[in-house]
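Engineer: Got a file for you: model29.cif, mmCIF, C-alpha atoms and all ligand atoms.
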data_model
#
loop_
_atom_site.group_PDB
_atom_site.id
_atom_site.type_symbol
_atom_site.label_atom_id
_atom_site.label_comp_id
_atom_site.auth_asym_id
_atom_site.auth_seq_id
_atom_site.Cartn_x
_atom_site.Cartn_y
_atom_site.Cartn_z
ATOM 1 C CA MET J 194 12.851 2.533 -20.654
ATOM 2 C CA ARG J 195 13.914 1.643 -17.190
ATOM 3 C CA THR J 196 10.436 1.226 -15.785
ATOM 4 C CA ARG J 197 9.686 -1.289 -18.516
ATOM 5 C CA PHE J 198 12.450 -3.432 -17.190
ATOM 6 C CA PHE J 199 10.942 -3.394 -13.723
ATOM 7 C CA ILE J 200 7.542 -4.361 -15.014
ATOM 8 C CA ALA J 201 9.108 -7.124 -17.088
ATOM 9 C CA ALA J 202 10.998 -8.313 -14.040
ATOM 10 C CA PHE J 203 7.847 -8.120 -11.994
ATOM 11 C CA ALA J 204 5.898 -10.086 -14.590
ATOM 12 C CA ALA J 205 8.678 -12.657 -14.760
ATOM 13 C CA LEU J 206 8.502 -12.966 -11.019
ATOM 14 C CA LEU J 207 4.780 -13.625 -11.257
ATOM 15 C CA CYS J 208 5.185 -16.193 -14.020
ATOM 16 C CA ALA J 209 7.979 -18.024 -12.290
ATOM 17 C CA GLY J 210 5.978 -18.191 -9.113
ATOM 18 C CA ALA J 211 9.141 -17.066 -7.392
ATOM 19 C CA TRP J 212 7.486 -15.312 -4.524
ATOM 20 C CA LEU J 213 9.645 -13.492 -2.126
ATOM 21 C CA ALA J 214 9.239 -15.309 1.109
ATOM 22 C CA VAL J 215 6.957 -13.763 3.639
ATOM 23 C CA PRO J 216 8.604 -13.469 7.010
ATOM 24 C CA THR J 217 7.145 -15.871 9.493
ATOM 25 C CA ALA J 218 6.121 -14.527 12.846
ATOM 26 C CA ALA J 219 8.991 -15.814 14.902
ATOM 27 C CA LYS J 220 11.822 -16.518 12.504
ATOM 28 C CA SER J 221 11.753 -13.233 10.558
ATOM 29 C CA ALA J 222 13.299 -14.754 7.460
ATOM 30 C CA ARG J 223 14.910 -12.258 5.131
ATOM 31 C CA PRO J 224 13.083 -11.960 1.802
ATOM 32 C CA GLU J 225 15.962 -13.456 -0.142
ATOM 33 C CA GLU J 226 16.358 -16.460 2.108
ATOM 34 C CA ALA J 227 13.645 -18.745 0.927
ATOM 35 C CA VAL J 228 10.882 -19.232 -1.564
ATOM 36 C CA ALA J 229 7.491 -20.189 -0.285
ATOM 37 C CA PRO J 230 5.329 -20.879 -3.319
ATOM 38 C CA ALA J 231 2.274 -21.497 -1.200
ATOM 39 C CA GLU J 232 2.346 -17.940 0.054
ATOM 40 C CA LEU J 233 1.152 -15.648 -2.680
ATOM 41 C CA VAL J 234 2.507 -12.483 -1.117
ATOM 42 C CA SER J 235 5.482 -10.487 -2.351
ATOM 43 C CA ALA J 236 7.302 -8.845 0.509
ATOM 44 C CA GLN J 237 10.390 -6.672 0.456
ATOM 45 C CA ARG J 238 12.063 -5.587 3.650
ATOM 46 C CA GLY J 239 13.212 -1.972 3.562
ATOM 47 C CA THR J 240 15.489 0.415 5.383
ATOM 48 C CA LEU J 241 13.341 3.574 5.275
ATOM 49 C CA PRO J 242 10.297 4.352 7.458
ATOM 50 C CA ILE J 243 7.979 3.894 4.481
ATOM 51 C CA ILE J 244 5.773 0.876 3.759
ATOM 52 C CA LEU J 245 3.794 0.347 0.552
ATOM 53 C CA SER J 246 0.882 -2.075 0.690
ATOM 54 C CA ALA J 247 -1.258 -3.308 -2.227
ATOM 55 C CA PRO J 248 -3.872 -5.825 -1.076
ATOM 56 C CA HIS J 249 -6.209 -5.867 -4.087
ATOM 57 C CA GLY J 250 -3.993 -6.074 -7.164
ATOM 58 C CA GLY J 251 -3.500 -9.848 -7.267
ATOM 59 C CA SER J 252 -4.980 -12.348 -9.692
ATOM 60 C CA VAL J 253 -3.463 -15.697 -8.747
ATOM 61 C CA ARG J 254 -6.123 -18.122 -7.560
ATOM 62 C CA VAL J 255 -5.445 -19.944 -4.331
ATOM 63 C CA GLU J 256 -5.295 -23.692 -4.638
ATOM 64 C CA GLY J 257 -8.144 -25.330 -2.778
ATOM 65 C CA SER J 258 -10.142 -22.100 -2.473
ATOM 66 C CA LYS J 259 -13.442 -21.025 -4.032
ATOM 67 C CA ASP J 260 -14.885 -17.611 -4.910
ATOM 68 C CA ARG J 261 -15.988 -15.617 -1.893
ATOM 69 C CA LYS J 262 -19.740 -15.287 -1.837
ATOM 70 C CA GLU J 263 -19.836 -12.153 0.315
ATOM 71 C CA GLY J 264 -18.183 -8.798 -0.238
ATOM 72 C CA VAL J 265 -16.391 -7.139 -3.139
ATOM 73 C CA THR J 266 -14.184 -9.471 -5.165
ATOM 74 C CA VAL J 267 -13.085 -7.210 -8.013
ATOM 75 C CA LYS J 268 -9.387 -6.617 -8.573
ATOM 76 C CA ASP J 269 -7.887 -3.118 -8.242
ATOM 77 C CA LEU J 270 -6.327 -3.264 -11.676
ATOM 78 C CA ARG J 271 -2.560 -2.634 -11.921
ATOM 79 C CA THR J 272 -2.173 -1.576 -8.292
ATOM 80 C CA ALA J 273 0.339 -4.375 -7.656
ATOM 81 C CA GLU J 274 2.425 -3.095 -10.566
ATOM 82 C CA ILE J 275 2.064 0.527 -9.416
ATOM 83 C CA ALA J 276 3.173 -0.398 -5.891
ATOM 84 C CA TRP J 277 6.236 -2.159 -7.200
ATOM 85 C CA LEU J 278 7.160 0.606 -9.665
ATOM 86 C CA THR J 279 6.640 3.224 -6.966
ATOM 87 C CA SER J 280 9.053 1.374 -4.693
ATOM 88 C CA GLN J 281 11.634 1.420 -7.488
ATOM 89 C CA ARG J 282 11.160 5.136 -8.013
ATOM 90 C CA LEU J 283 11.579 5.737 -4.299
ATOM 91 C CA ALA J 284 14.811 3.749 -4.296
ATOM 92 C CA GLU J 285 16.120 6.202 -6.898
ATOM 93 C CA LYS J 286 14.891 9.251 -5.016
ATOM 94 C CA LEU J 287 15.763 8.399 -1.427
ATOM 95 C CA ASP J 288 18.774 6.979 0.280
ATOM 96 C CA GLY J 289 17.470 3.511 1.052
ATOM 97 C CA LYS J 290 14.715 1.057 0.323
ATOM 98 C CA VAL J 291 11.046 1.121 1.208
ATOM 99 C CA TYR J 292 9.162 -1.859 2.603
ATOM 100 C CA VAL J 293 6.654 -3.440 0.236
ATOM 101 C CA VAL J 294 3.833 -5.934 0.774
ATOM 102 C CA ILE J 295 1.853 -6.946 -2.309
ATOM 103 C CA ALA J 296 -0.907 -9.552 -2.522
ATOM 104 C CA GLN J 297 -0.537 -11.783 -5.555
ATOM 105 C CA PHE J 298 -3.568 -13.812 -4.502
ATOM 106 C CA SER J 299 -6.943 -12.902 -5.943
ATOM 107 C CA ARG J 300 -9.492 -10.904 -3.996
ATOM 108 C CA LYS J 301 -11.914 -13.627 -5.044
ATOM 109 C CA ASP J 302 -10.101 -15.800 -2.507
ATOM 110 C CA ALA J 303 -9.223 -13.331 0.239
ATOM 111 C CA ASP J 304 -9.548 -9.612 0.891
ATOM 112 C CA ALA J 305 -6.607 -8.374 2.921
ATOM 113 C CA ASN J 306 -8.304 -5.035 3.559
ATOM 114 C CA ARG J 307 -11.085 -6.643 5.594
ATOM 115 C CA ASP J 308 -11.241 -7.941 9.120
ATOM 116 C CA SER J 309 -10.568 -11.683 9.213
ATOM 117 C CA ASP J 310 -14.281 -12.292 9.975
ATOM 118 C CA GLU J 311 -15.266 -11.260 6.475
ATOM 119 C CA ALA J 312 -12.027 -11.565 4.517
ATOM 120 C CA TYR J 313 -12.129 -15.225 3.443
ATOM 121 C CA GLU J 314 -14.368 -18.263 3.479
ATOM 122 C CA ASN J 315 -11.994 -21.221 3.635
ATOM 123 C CA LYS J 316 -8.693 -22.322 5.165
ATOM 124 C CA SER J 317 -6.578 -22.081 2.024
ATOM 125 C CA ALA J 318 -7.561 -18.454 1.576
ATOM 126 C CA ALA J 319 -7.065 -17.777 5.290
ATOM 127 C CA ALA J 320 -3.417 -18.815 4.977
ATOM 128 C CA GLN J 321 -2.866 -16.170 2.292
ATOM 129 C CA TYR J 322 -4.625 -13.519 4.340
ATOM 130 C CA ASP J 323 -2.507 -14.420 7.348
ATOM 131 C CA ALA J 324 0.694 -14.274 5.304
ATOM 132 C CA TYR J 325 -0.172 -10.759 4.140
ATOM 133 C CA HIS J 326 -0.812 -9.520 7.645
ATOM 134 C CA ARG J 327 2.175 -11.301 9.141
ATOM 135 C CA ALA J 328 4.380 -9.352 6.731
ATOM 136 C CA LEU J 329 2.617 -6.034 7.340
ATOM 137 C CA ARG J 330 2.658 -6.435 11.123
ATOM 138 C CA GLU J 331 6.321 -7.329 11.156
ATOM 139 C CA TYR J 332 7.277 -4.396 8.943
ATOM 140 C CA VAL J 333 5.130 -1.895 10.855
ATOM 141 C CA ASP J 334 6.709 -3.045 14.137
ATOM 142 C CA GLU J 335 10.177 -2.895 12.649
ATOM 143 C CA VAL J 336 9.694 0.619 11.246
ATOM 144 C CA ARG J 337 8.242 1.894 14.505
ATOM 145 C CA LYS J 338 11.096 0.482 16.549
ATOM 146 C CA ALA J 339 13.856 1.577 14.182
ATOM 147 C CA HIS J 340 12.527 5.041 13.316
ATOM 148 C CA GLY J 341 10.006 5.901 16.030
ATOM 149 C CA GLY J 342 7.238 6.180 13.447
ATOM 150 C CA GLY J 343 6.636 5.945 9.745
ATOM 151 C CA LEU J 344 4.239 6.080 6.837
ATOM 152 C CA LEU J 345 2.166 3.228 5.450
ATOM 153 C CA VAL J 346 0.646 3.906 2.035
ATOM 154 C CA ASP J 347 -2.115 1.449 1.219
ATOM 155 C CA ILE J 348 -2.556 1.487 -2.561
ATOM 156 C CA HIS J 349 -5.956 0.809 -4.151
ATOM 157 C CA GLY J 350 -7.899 1.564 -7.310
ATOM 158 C CA GLN J 351 -11.371 3.006 -7.830
ATOM 159 C CA ALA J 352 -13.445 3.793 -10.908
ATOM 160 C CA ARG J 353 -16.129 5.969 -9.324
ATOM 161 C CA HIS J 354 -14.060 9.101 -9.975
ATOM 162 C CA PRO J 355 -11.703 8.019 -12.792
ATOM 163 C CA ASP J 356 -9.653 11.227 -12.772
ATOM 164 C CA LYS J 357 -9.243 11.498 -9.028
ATOM 165 C CA ILE J 358 -7.040 10.026 -6.330
ATOM 166 C CA MET J 359 -9.006 9.644 -3.143
ATOM 167 C CA ARG J 360 -7.634 9.917 0.367
ATOM 168 C CA GLY J 361 -8.585 7.529 3.145
ATOM 169 C CA THR J 362 -7.381 8.241 6.666
ATOM 170 C CA ARG J 363 -10.588 7.356 8.497
ATOM 171 C CA ASP J 364 -11.293 11.073 8.593
ATOM 172 C CA GLY J 365 -7.888 11.781 10.098
ATOM 173 C CA GLN J 366 -7.741 8.980 12.664
ATOM 174 C CA SER J 367 -5.066 6.864 10.986
ATOM 175 C CA VAL J 368 -2.709 9.869 10.734
ATOM 176 C CA LYS J 369 -3.144 10.861 14.366
ATOM 177 C CA HIS J 370 0.598 11.085 14.973
ATOM 178 C CA LEU J 371 1.184 13.219 11.881
ATOM 179 C CA LEU J 372 -1.613 15.604 12.877
ATOM 180 C CA GLY J 373 -0.279 15.856 16.424
ATOM 181 C CA GLU J 374 3.238 16.560 15.258
ATOM 182 C CA PHE J 375 2.675 18.859 12.286
ATOM 183 C CA GLY J 376 -1.021 19.796 12.226
ATOM 184 C CA ARG J 377 -3.588 19.576 9.467
ATOM 185 C CA GLU J 378 -1.179 21.040 6.935
ATOM 186 C CA ALA J 379 0.637 17.690 6.806
ATOM 187 C CA VAL J 380 -2.547 15.951 5.635
ATOM 188 C CA THR J 381 -4.275 18.576 3.482
ATOM 189 C CA GLY J 382 -1.596 21.188 2.762
ATOM 190 C CA GLU J 383 0.395 21.623 -0.415
ATOM 191 C CA ASP J 384 3.324 19.590 0.911
ATOM 192 C CA SER J 385 1.106 16.744 2.138
ATOM 193 C CA LEU J 386 1.087 13.527 0.126
ATOM 194 C CA PHE J 387 -2.097 14.543 -1.693
ATOM 195 C CA GLY J 388 -0.847 18.120 -2.014
ATOM 196 C CA GLN J 389 2.236 16.775 -3.770
ATOM 197 C CA MET J 390 0.043 14.781 -6.170
ATOM 198 C CA ALA J 391 -2.163 17.830 -6.831
ATOM 199 C CA LYS J 392 0.936 19.890 -7.637
ATOM 200 C CA GLN J 393 1.764 17.332 -10.320
ATOM 201 C CA GLY J 394 -1.663 17.800 -11.898
ATOM 202 C CA TYR J 395 -3.661 14.986 -10.295
ATOM 203 C CA GLY J 396 -7.235 15.485 -9.229
ATOM 204 C CA VAL J 397 -7.608 14.698 -5.535
ATOM 205 C CA LEU J 398 -10.567 14.033 -3.268
ATOM 206 C CA PRO J 399 -11.434 15.393 -0.835
ATOM 207 C CA ALA J 400 -10.366 18.775 -2.207
ATOM 208 C CA LEU J 401 -7.369 20.175 -0.373
ATOM 209 C CA ASP J 402 -8.948 23.517 0.451
ATOM 210 C CA GLY J 403 -11.593 21.831 2.578
ATOM 211 C CA ASP J 404 -11.448 22.785 6.202
ATOM 212 C CA ASP J 405 -12.112 19.467 7.867
ATOM 213 C CA LEU J 406 -10.711 15.974 7.508
ATOM 214 C CA LYS J 407 -13.975 14.321 6.520
ATOM 215 C CA GLU J 408 -13.613 11.855 3.672
ATOM 216 C CA ASP J 409 -16.814 10.820 1.912
ATOM 217 C CA MET J 410 -16.045 7.531 0.268
ATOM 218 C CA PHE J 411 -13.155 5.079 0.572
ATOM 219 C CA ASN J 412 -12.172 6.773 3.787
ATOM 220 C CA GLY J 413 -9.957 3.928 4.898
ATOM 221 C CA GLY J 414 -10.463 0.210 5.355
ATOM 222 C CA TYR J 415 -9.145 -2.443 7.692
ATOM 223 C CA ILE J 416 -5.469 -1.744 6.969
ATOM 224 C CA THR J 417 -5.589 1.955 7.884
ATOM 225 C CA GLY J 418 -7.791 1.030 10.845
ATOM 226 C CA HIS J 419 -5.517 -1.688 12.137
ATOM 227 C CA TYR J 420 -2.048 -0.308 11.396
ATOM 228 C CA GLY J 421 -2.710 3.446 11.557
ATOM 229 C CA SER J 422 -1.299 5.734 14.249
ATOM 230 C CA GLN J 423 -4.585 5.805 16.175
ATOM 231 C CA ASN J 424 -3.216 2.487 17.485
ATOM 232 C CA LYS J 425 -0.346 2.384 19.982
ATOM 233 C CA ASP J 426 1.470 -0.109 17.782
ATOM 234 C CA GLY J 427 0.711 1.682 14.496
ATOM 235 C CA VAL J 428 2.301 4.202 12.143
ATOM 236 C CA ASP J 429 0.655 6.947 10.090
ATOM 237 C CA ALA J 430 -1.405 5.189 7.428
ATOM 238 C CA ILE J 431 -3.022 6.612 4.305
ATOM 239 C CA GLN J 432 -5.252 4.740 1.875
ATOM 240 C CA LEU J 433 -4.808 5.930 -1.674
ATOM 241 C CA GLU J 434 -7.582 5.104 -4.162
ATOM 242 C CA ILE J 435 -6.198 5.709 -7.619
ATOM 243 C CA GLY J 436 -8.754 6.581 -10.314
ATOM 244 C CA SER J 437 -8.921 4.312 -13.360
ATOM 245 C CA ASP J 438 -7.619 7.038 -15.732
ATOM 246 C CA TYR J 439 -4.295 6.840 -13.926
ATOM 247 C CA ARG J 440 -4.042 3.052 -14.098
ATOM 248 C CA GLY J 441 -4.028 2.415 -17.844
ATOM 249 C CA GLU J 442 -1.354 0.191 -19.312
ATOM 250 C CA GLU J 443 0.675 3.250 -20.304
ATOM 251 C CA ALA J 444 -0.564 5.666 -17.658
ATOM 252 C CA MET J 445 0.458 3.486 -14.721
ATOM 253 C CA HIS J 446 4.156 4.100 -15.391
ATOM 254 C CA LYS J 447 3.811 7.853 -15.014
ATOM 255 C CA THR J 448 1.459 7.450 -12.065
ATOM 256 C CA ALA J 449 3.987 5.310 -10.217
ATOM 257 C CA GLU J 450 6.822 7.748 -10.949
ATOM 258 C CA ASP J 451 4.754 10.696 -9.795
ATOM 259 C CA LEU J 452 3.573 8.854 -6.710
ATOM 260 C CA GLY J 453 7.168 7.930 -5.904
ATOM 261 C CA ASP J 454 8.162 11.589 -6.273
ATOM 262 C CA ALA J 455 5.246 12.680 -4.089
ATOM 263 C CA ILE J 456 6.070 10.213 -1.331
ATOM 264 C CA ALA J 457 9.751 11.187 -1.500
ATOM 265 C CA ALA J 458 8.921 14.895 -1.208
ATOM 266 C CA PHE J 459 6.512 14.208 1.649
ATOM 267 C CA ALA J 460 9.126 12.077 3.397
ATOM 268 C CA LYS J 461 11.785 14.762 3.124
ATOM 269 C CA LYS J 462 9.432 17.326 4.629
ATOM 270 C CA TYR J 463 7.756 15.292 7.381
ATOM 271 C CA LEU J 464 9.312 11.903 7.843
ATOM 272 C CA LEU J 465 13.053 11.953 7.472
ATOM 273 C CA LYS J 466 13.676 15.207 9.311
ATOM 274 C CA LYS J 467 15.133 14.800 12.748
HETATM 275 ZN ZN ZN Q 501 -8.978 -1.840 -3.027
#
Would it be possible to restate this file's structure as structure tokens?
Ligand SMILES: [Zn+2]
Structural biologist:
Amino acid sequence: MRTRFFIAAFAALLCAGAWLAVPTAAKSARPEEAVAPAELVSAQRGTLPIILSAPHGGSVRVEGSKDRKEGVTVKDLRTAEIAWLTSQRLAEKLDGKVYVVIAQFSRKDADANRDSDEAYENKSAAAQYDAYHRALREYVDEVRKAHGGGLLVDIHGQARHPDKIMRGTRDGQSVKHLLGEFGREAVTGEDSLFGQMAKQGYGVLPALDGDDLKEDMFNGGYITGHYGSQNKDGVDAIQLEIGSDYRGEEAMHKTAEDLGDAIAAFAKKYLLKK
């Protein structure tokens, strides 16, 4: 099975410690140019206006760091793998590559979906946090300049509603551009990202027939707040909290395929049209 190969390759990448280099702020090194083992972030530069982010799927402990004493430190199980597999699916479905930023470092050391004030408690962890955001910022800027806008999908996992995928757009704020251009339909309609998942049989929250954009829980963290299109230098950003039923060792393969298909269908409808 093809997806198995990708996971094997991904695992091999983890074991070898062969991290794709994170672009530095000024030099913008291409991912294949160098290996920076101290930076536990996998970053792939893309060609399409789509960025996948997975800040909570890592498990590699940062040398010289200690467990964070404040905040949530639990890993979003298999979200790093799902992000990577989804990017592979999208490469099959669309004409080009998506951008990917995945934290390999543990959330015990740094939480890339928090403001820097509360994301880490020591310098070693700060360097990992900074590497994550350097990559995201560079890719968001690049996508905006090259395509005039884009979609950032921030991939997480939750166990509160195991059979649901939960939407986080800060109650619509982080998809301001999308709403302005296409209306609410693009966020809650049947061809929206969550509409596409629902069509494939996934439970989604909030329910799509709801009339407003209010999201109860997991309604978007730092990443959607900082990189979303409510900011002048942002793109449309959606946090996706995948229920634990969809992240099992077997289930994650189908989830990633379906998510790739959903993003591709969304992109064809709203993103890649001129
Ligand atoms: Zn998370």
Engineer: Evaluate the PyMOL selection byres (((not hetatm)) within 7 of (chain Q and resi 501)) here and jot the selected residues down as a VMD selection string.
Structural biologist: chain J and resid 248 to 249 269 349 to 350
Engineer: With 7 Å as the threshold, what does the neighbourhood of (-0.2, -3.8, -7.7) contain in terms of residues, counting all atoms listed in the file? Coordinates are those of the file; answer as a list of chain:residue names.
Structural biologist: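 Those within range, by chain then number, are J:Ala247, J:Gly250, J:Gly251, J:Arg271, J:Thr272, J:Ala273, J:Glu274, J:Ile275, J:Ala276, J:Trp277, J:Ile295.
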Engineer: Restricting the calculation to all atoms listed in the file: of J:Lys259, J:His340, J:Arg238, J:Arg307, which residue gets closest to J:Tyr292?
Structural biologist: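 Among the listed residues, the smallest separation from J:Tyr292 belongs to J:Arg238.
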Engineer: At a cut-off of 6 Å, using all atoms listed in the file, what residues contact J:Lys301? Leave out same-chain residues fewer than 4 positions from it and give the result as a list in words.
Structural biologist: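 Surrounding residues, per the criterion: Asp260, Arg261 and Thr266 of chain J.
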Engineer: May I have the residues from that selection written out with C-alpha atoms, as an mmCIF file, in the coordinates of the input?
Structural biologist:
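Result file follows (result17.cif):
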data_model
loop_
_atom_site.group_PDB
_atom_site.id
_atom_site.type_symbol
_atom_site.label_atom_id
_atom_site.label_comp_id
_atom_site.auth_asym_id
_atom_site.auth_seq_id
_atom_site.Cartn_x
_atom_site.Cartn_y
_atom_site.Cartn_z
ATOM 1 C CA ASP J 260 -14.885 -17.611 -4.910
ATOM 2 C CA ARG J 261 -15.988 -15.617 -1.893
ATOM 3 C CA THR J 266 -14.184 -9.471 -5.165
#
Engineer: With all atoms listed in the file as the atoms that count, which of J:Phe459, J:Tyr439, J:Tyr332, J:Tyr322 lies nearest to J:Leu233?
Structural biologist: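 Nearest to J:Leu233: J:Tyr322.
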Engineer: Atom CA of J:Gln281 to atom CA of J:Gln321: how many Å, to one decimal?
Structural biologist: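 Atom-to-atom, atom CA of J:Gln281 and atom CA of J:Gln321 are spaced 24.8 Å apart.
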Engineer: Using the chain letters and numbers from this file, what does the PyMOL selection byres (((chain J and resi 408) around 12) and not hetatm) select? Give the answer as a PyMOL selection string.
Structural biologist: chain J and resi 359-366+380-381+397-401+403-407+409-413+431-434
Engineer: Could you work out how far atom CA of J:Val255 lies from atom CA of J:Glu314, giving the answer in Å with one decimal?
Structural biologist: 12.0 Å
Engineer: For the file shown, report as a PyMOL selection string the outcome of the PyMOL selection byres (((chain J and resi 243) around 6) and not hetatm) at residue level.
Structural biologist: chain J and resi 241-242+244+291+343-345
Engineer: Grab the residues selected above and save them as a tab-separated table (two decimals), in the frame of the given file with C-alpha atoms.
Structural biologist:
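Now in again.tsv:
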chain	number	residue	atom	x	y	z
J	241	LEU	CA	13.34	3.57	5.28
J	242	PRO	CA	10.30	4.35	7.46
J	244	ILE	CA	5.77	0.88	3.76
J	291	VAL	CA	11.05	1.12	1.21
J	343	GLY	CA	6.64	5.94	9.74
J	344	LEU	CA	4.24	6.08	6.84
J	345	LEU	CA	2.17	3.23	5.45
Engineer: If I put a ball of radius 12 Å at (15.2, 13.7, 3.3) in the file's coordinates, which residues poke into it when counting all atoms listed in the file, written as a PyMOL selection string?
Structural biologist: chain J and resi 241-242+283+286-289+456-467
Engineer: Could the residues in this selection be written to a file with C-alpha atoms, as a PDB file, keeping the file's coordinate frame?
Structural biologist:
ATOM      1  CA  LEU J 241      13.341   3.574   5.275  1.00  0.00           C
ATOM      2  CA  PRO J 242      10.297   4.352   7.458  1.00  0.00           C
ATOM      3  CA  LEU J 283      11.579   5.737  -4.299  1.00  0.00           C
ATOM      4  CA  LYS J 286      14.891   9.251  -5.016  1.00  0.00           C
ATOM      5  CA  LEU J 287      15.763   8.399  -1.427  1.00  0.00           C
ATOM      6  CA  ASP J 288      18.774   6.979   0.280  1.00  0.00           C
ATOM      7  CA  GLY J 289      17.470   3.511   1.052  1.00  0.00           C
ATOM      8  CA  ILE J 456       6.070  10.213  -1.331  1.00  0.00           C
ATOM      9  CA  ALA J 457       9.751  11.187  -1.500  1.00  0.00           C
ATOM     10  CA  ALA J 458       8.921  14.895  -1.208  1.00  0.00           C
ATOM     11  CA  PHE J 459       6.512  14.208   1.649  1.00  0.00           C
ATOM     12  CA  ALA J 460       9.126  12.077   3.397  1.00  0.00           C
ATOM     13  CA  LYS J 461      11.785  14.762   3.124  1.00  0.00           C
ATOM     14  CA  LYS J 462       9.432  17.326   4.629  1.00  0.00           C
ATOM     15  CA  TYR J 463       7.756  15.292   7.381  1.00  0.00           C
ATOM     16  CA  LEU J 464       9.312  11.903   7.843  1.00  0.00           C
ATOM     17  CA  LEU J 465      13.053  11.953   7.472  1.00  0.00           C
ATOM     18  CA  LYS J 466      13.676  15.207   9.311  1.00  0.00           C
ATOM     19  CA  LYS J 467      15.133  14.800  12.748  1.00  0.00           C
TER      20      LYS J 467
END
Engineer: Box along x, y and z, 5 Å on every side, all listed atoms of stretch 253-270 of chain J inside: centre and edge lengths in Å to one decimal, as AutoDock Vina command-line options.
Structural biologist:
--center_x -11.6 --center_y -14.2 --center_z -5.7 --size_x 26.4 --size_y 32.2 --size_z 22.0
Engineer: Taking only C-alpha atoms into account, which of J:Glu374, J:Asp302, J:Asp429, J:Asp438 comes nearest J:Lys357?
Structural biologist: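 Closest candidate: J:Asp438.
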Engineer: Can you tell me which residues surround stretch 421-425 of chain J at a distance of at most 6 Å, considering only C-alpha atoms, apart from same-chain residues fewer than 2 positions away, and format the answer as an NGL selection string?
Structural biologist: :J and (366-370 or 417-419 or 427-430)
Engineer: Ranking J:Ala312, J:Leu278, J:Ile435, J:Ala305 by minimum distance to J:Gly264 and counting only C-alpha atoms, which one comes first?
Structural biologist: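 Nearest candidate to J:Gly264 out of J:Ala312, J:Leu278, J:Ile435, J:Ala305: J:Ala312.
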Engineer: Suppose you want the space between atom CA of J:Ala236 and atom CA of J:Ile416; what is it in Å?
Structural biologist: 16.0 Å
Engineer: Rebuild N, CA and C atoms on stretch 284-299 of chain J, as a tab-separated table (two decimals), keeping the file's coordinate frame?
Structural biologist:
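File produced: part_5.tsv:
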chain	number	residue	atom	x	y	z
J	284	ALA	N	13.42	4.18	-4.49
J	284	ALA	CA	14.81	3.75	-4.30
J	284	ALA	C	15.77	4.68	-5.04
J	285	GLU	N	15.29	5.24	-6.15
J	285	GLU	CA	16.12	6.20	-6.90
J	285	GLU	C	16.14	7.56	-6.21
J	286	LYS	N	15.06	7.90	-5.56
J	286	LYS	CA	14.89	9.25	-5.02
J	286	LYS	C	15.42	9.40	-3.59
J	287	LEU	N	15.37	8.31	-2.84
J	287	LEU	CA	15.76	8.40	-1.43
J	287	LEU	C	16.95	7.49	-1.16
J	288	ASP	N	17.59	7.75	-0.06
J	288	ASP	CA	18.77	6.98	0.28
J	288	ASP	C	18.36	5.75	1.09
J	289	GLY	N	17.90	4.74	0.38
J	289	GLY	CA	17.47	3.51	1.05
J	289	GLY	C	16.32	2.85	0.31
J	290	LYS	N	15.78	1.84	0.95
J	290	LYS	CA	14.72	1.06	0.32
J	290	LYS	C	13.44	1.17	1.14
J	291	VAL	N	12.31	1.16	0.47
J	291	VAL	CA	11.05	1.12	1.21
J	291	VAL	C	10.61	-0.33	1.41
J	292	TYR	N	9.77	-0.55	2.38
J	292	TYR	CA	9.16	-1.86	2.60
J	292	TYR	C	7.98	-2.00	1.64
J	293	VAL	N	7.77	-3.21	1.15
J	293	VAL	CA	6.65	-3.44	0.24
J	293	VAL	C	5.95	-4.75	0.60
J	294	VAL	N	4.63	-4.70	0.62
J	294	VAL	CA	3.83	-5.93	0.77
J	294	VAL	C	2.74	-5.92	-0.30
J	295	ILE	N	2.80	-6.89	-1.19
J	295	ILE	CA	1.85	-6.95	-2.31
J	295	ILE	C	1.16	-8.31	-2.33
J	296	ALA	N	-0.17	-8.29	-2.39
J	296	ALA	CA	-0.91	-9.55	-2.52
J	296	ALA	C	-0.88	-9.99	-3.98
J	297	GLN	N	-0.43	-11.20	-4.21
J	297	GLN	CA	-0.54	-11.78	-5.56
J	297	GLN	C	-1.79	-12.63	-5.64
J	298	PHE	N	-2.34	-13.00	-4.49
J	298	PHE	CA	-3.57	-13.81	-4.50
J	298	PHE	C	-4.76	-12.95	-4.89
J	299	SER	N	-5.75	-13.60	-5.47
J	299	SER	CA	-6.94	-12.90	-5.94
J	299	SER	C	-7.84	-12.49	-4.79
